[in-house]
Amino acid sequence: MRFTTLRDRVAEPLFAVFIATGLLLSVLGVLAWRFATPSTRTEHIGIQPPPPPPMEDGKTGYMWVIDGYSYSDAPHWFPAAAWFLMVGTAVAVVVSAILNATGWRLARDAHGRKFALPLALSAFGAAYGLAVAVVGRIWPPTFYSVVLPEPRDPQNPYPASAVIHFDLEPNLITFTATGLAVCLLAAALLYVRNYSLTRTN
C-alpha cells in the first residue's frame with residue numbers, strides 16, 4: 001500500500017504546472033520546427049535521376065525525361081514530434097524537481113513571492129524557445145521531392161504540395177520571444193488565481 005506524504009502533495013501543483021507548460025511548449029516547438037524553420041535539406045523519393053554523363057569543358061548540361069509526375073511533400077511528423085514531447089516533458093520534470101528540492105512550492109498564497117513564478121516560467125520558456133531554434137539550425141526539417149511513374153493513383157491523380165512555411169526569421173529571436181511570451185501568459189493566469197512560489201525551510 002502506498003502512502004502519499006505531505007511533501008508529495010505540496011510538490012504536486014509545482015510539477016503539474018511545469019509539466020503542462022512543457023507539453024504546451026513542446027507542441028509549439030514541433031509546429032515551429034516544421035512550419036517556420038528554413039531548410040534546404042531535400043530527399044528524393046521514387047525514380048532517382050541517373051548520374052550525369054561525362055562532359056567536356058565548355059559543354060552545357062543534359063536533359064533527363066521520364067514518363068511520370070512529381071510533387072513536393074512536407075517534413076514528416078514522426079519522430080520529430082515524439083522527440084520534442086519527450087524532451088519538453090523531461091526538462092519540465094527536472095526543473096520542477098530542482099525547485100522542489102531547494103524548498104520552493106506552488107500554492108495559493110497572497111504573501112508569496114509574486115515575481116518568483118514569472119521569473120522561473122519565463123526562464124524555462126525562453127530557454128526552450130532558444131533550444132528549438134538551435135535544433136532547427138543543426139537538424140533542419142527534411143522536405144521530400146517525390147517522383148512517381150505513370151499511371152497515377154486514380155484516387156489522387158494530382159497530389160497537391162503539402163509544404164507550408166512561415167518566415168519568422170531570425171528564429172533565434174522569434175522562437176525565444178515566443179517561448180518567453182507563452183510562459184509569461186501562463187504565469188499571469190496563475191497570478192490572477194493568487195498562485196505564487198513560496199520558499200519553505
# chains A, B, ... in the order shown; residues from 1 in each chain; ligands from 1
>>> residues_around(residues="region 21-35 of chain A", least_positions_apart="4", cutoff="7 Å", atoms="only C-alpha atoms", output="VMD selection string")
chain A and resid 17 75 81 84 to 85 88 to 89 92 132 136 141 164 to 166 179
>>> select_by_dssp(residues="region 6-201 of chain A", states="strand (DSSP E)", output="list in words")
Thr42, Glu43, His44, Ile45, Gly46, Gly68, Tyr69, Ser70, Tyr71, Ser72, Asp73, Trp104, Arg105, Leu106, Ala107, Arg108, Phe143, Tyr144, Ser145, Val146, Val147, Leu148, Pro149, Tyr195, Ser196, Leu197, Thr198 and Arg199 of chain A
>>> atom_distance(atom1="CA of Ile47 (chain A)", atom2="CA of Met63 (chain A)")
15.1 Å
>>> select_by_dssp(residues="region 31-76 of chain A", states="helix (DSSP H, G or I)", output="JSON, numbers by chain")
{"A": [31, 32, 33, 34, 35]}
>>> write_last_selection(atoms="C-alpha atoms", output="PDB file, in the first residue's frame")
ATOM      1  CA  LEU A  31       4.961  23.392 -35.133  1.00  0.00           C
ATOM      2  CA  ALA A  32       7.768  25.960 -35.217  1.00  0.00           C
ATOM      3  CA  TRP A  33      10.315  23.358 -36.339  1.00  0.00           C
ATOM      4  CA  ARG A  34       8.042  22.015 -39.065  1.00  0.00           C
ATOM      5  CA  PHE A  35       6.444  25.197 -40.403  1.00  0.00           C
TER       6      PHE A  35
END
>>> closest_residue(among="A:Leu148, A:Leu106, A:Ala80, A:Trp139", to="His44 (chain A)", atoms="only C-alpha atoms")
A:Leu148
>>> closest_residue(among="A:Ile138, A:Val93, A:Val146, A:Ala186", to="Gly68 (chain A)", atoms="only C-alpha atoms")
A:Val146
>>> atom_distance(atom1="CA of Pro140 (chain A)", atom2="CA of Pro51 (chain A)")
26.4 Å
>>> atom_distance(atom1="CA of Asn156 (chain A)", atom2="CA of Ser70 (chain A)")
12.7 Å
>>> closest_residue(among="A:Leu189, A:Ala131, A:Phe143, A:Trp104", to="Glu12 (chain A)", atoms="only C-alpha atoms")
A:Trp104
>>> residues_around(residues="region 112-125 of chain A", least_positions_apart="4", cutoff="6 Å", atoms="only C-alpha atoms", output="list in words")
Gly179, Leu180, Cys183, Leu184, Ala187, Ser196, Leu197 and Thr198 of chain A
>>> write_last_selection(atoms="C-alpha atoms", output="compact mmCIF listing (two decimals), in the first residue's frame")
# COMPACT_ATOMS: atom_id res chain seq x y z
CA GLY A 179 8.58 30.79 -25.53
CA LEU A 180 9.00 33.72 -23.16
CA CYS A 183 5.24 31.28 -20.18
CA LEU A 184 4.56 34.85 -19.08
CA ALA A 187 2.28 32.98 -15.10
CA SER A 196 2.74 32.09 -6.26
CA LEU A 197 6.01 30.40 -5.42
CA THR A 198 6.94 30.32 -1.73
>>> closest_residue(among="A:Leu168, A:Leu185, A:Gly129, A:Ser145", to="Thr40 (chain A)", atoms="only C-alpha atoms")
A:Ser145
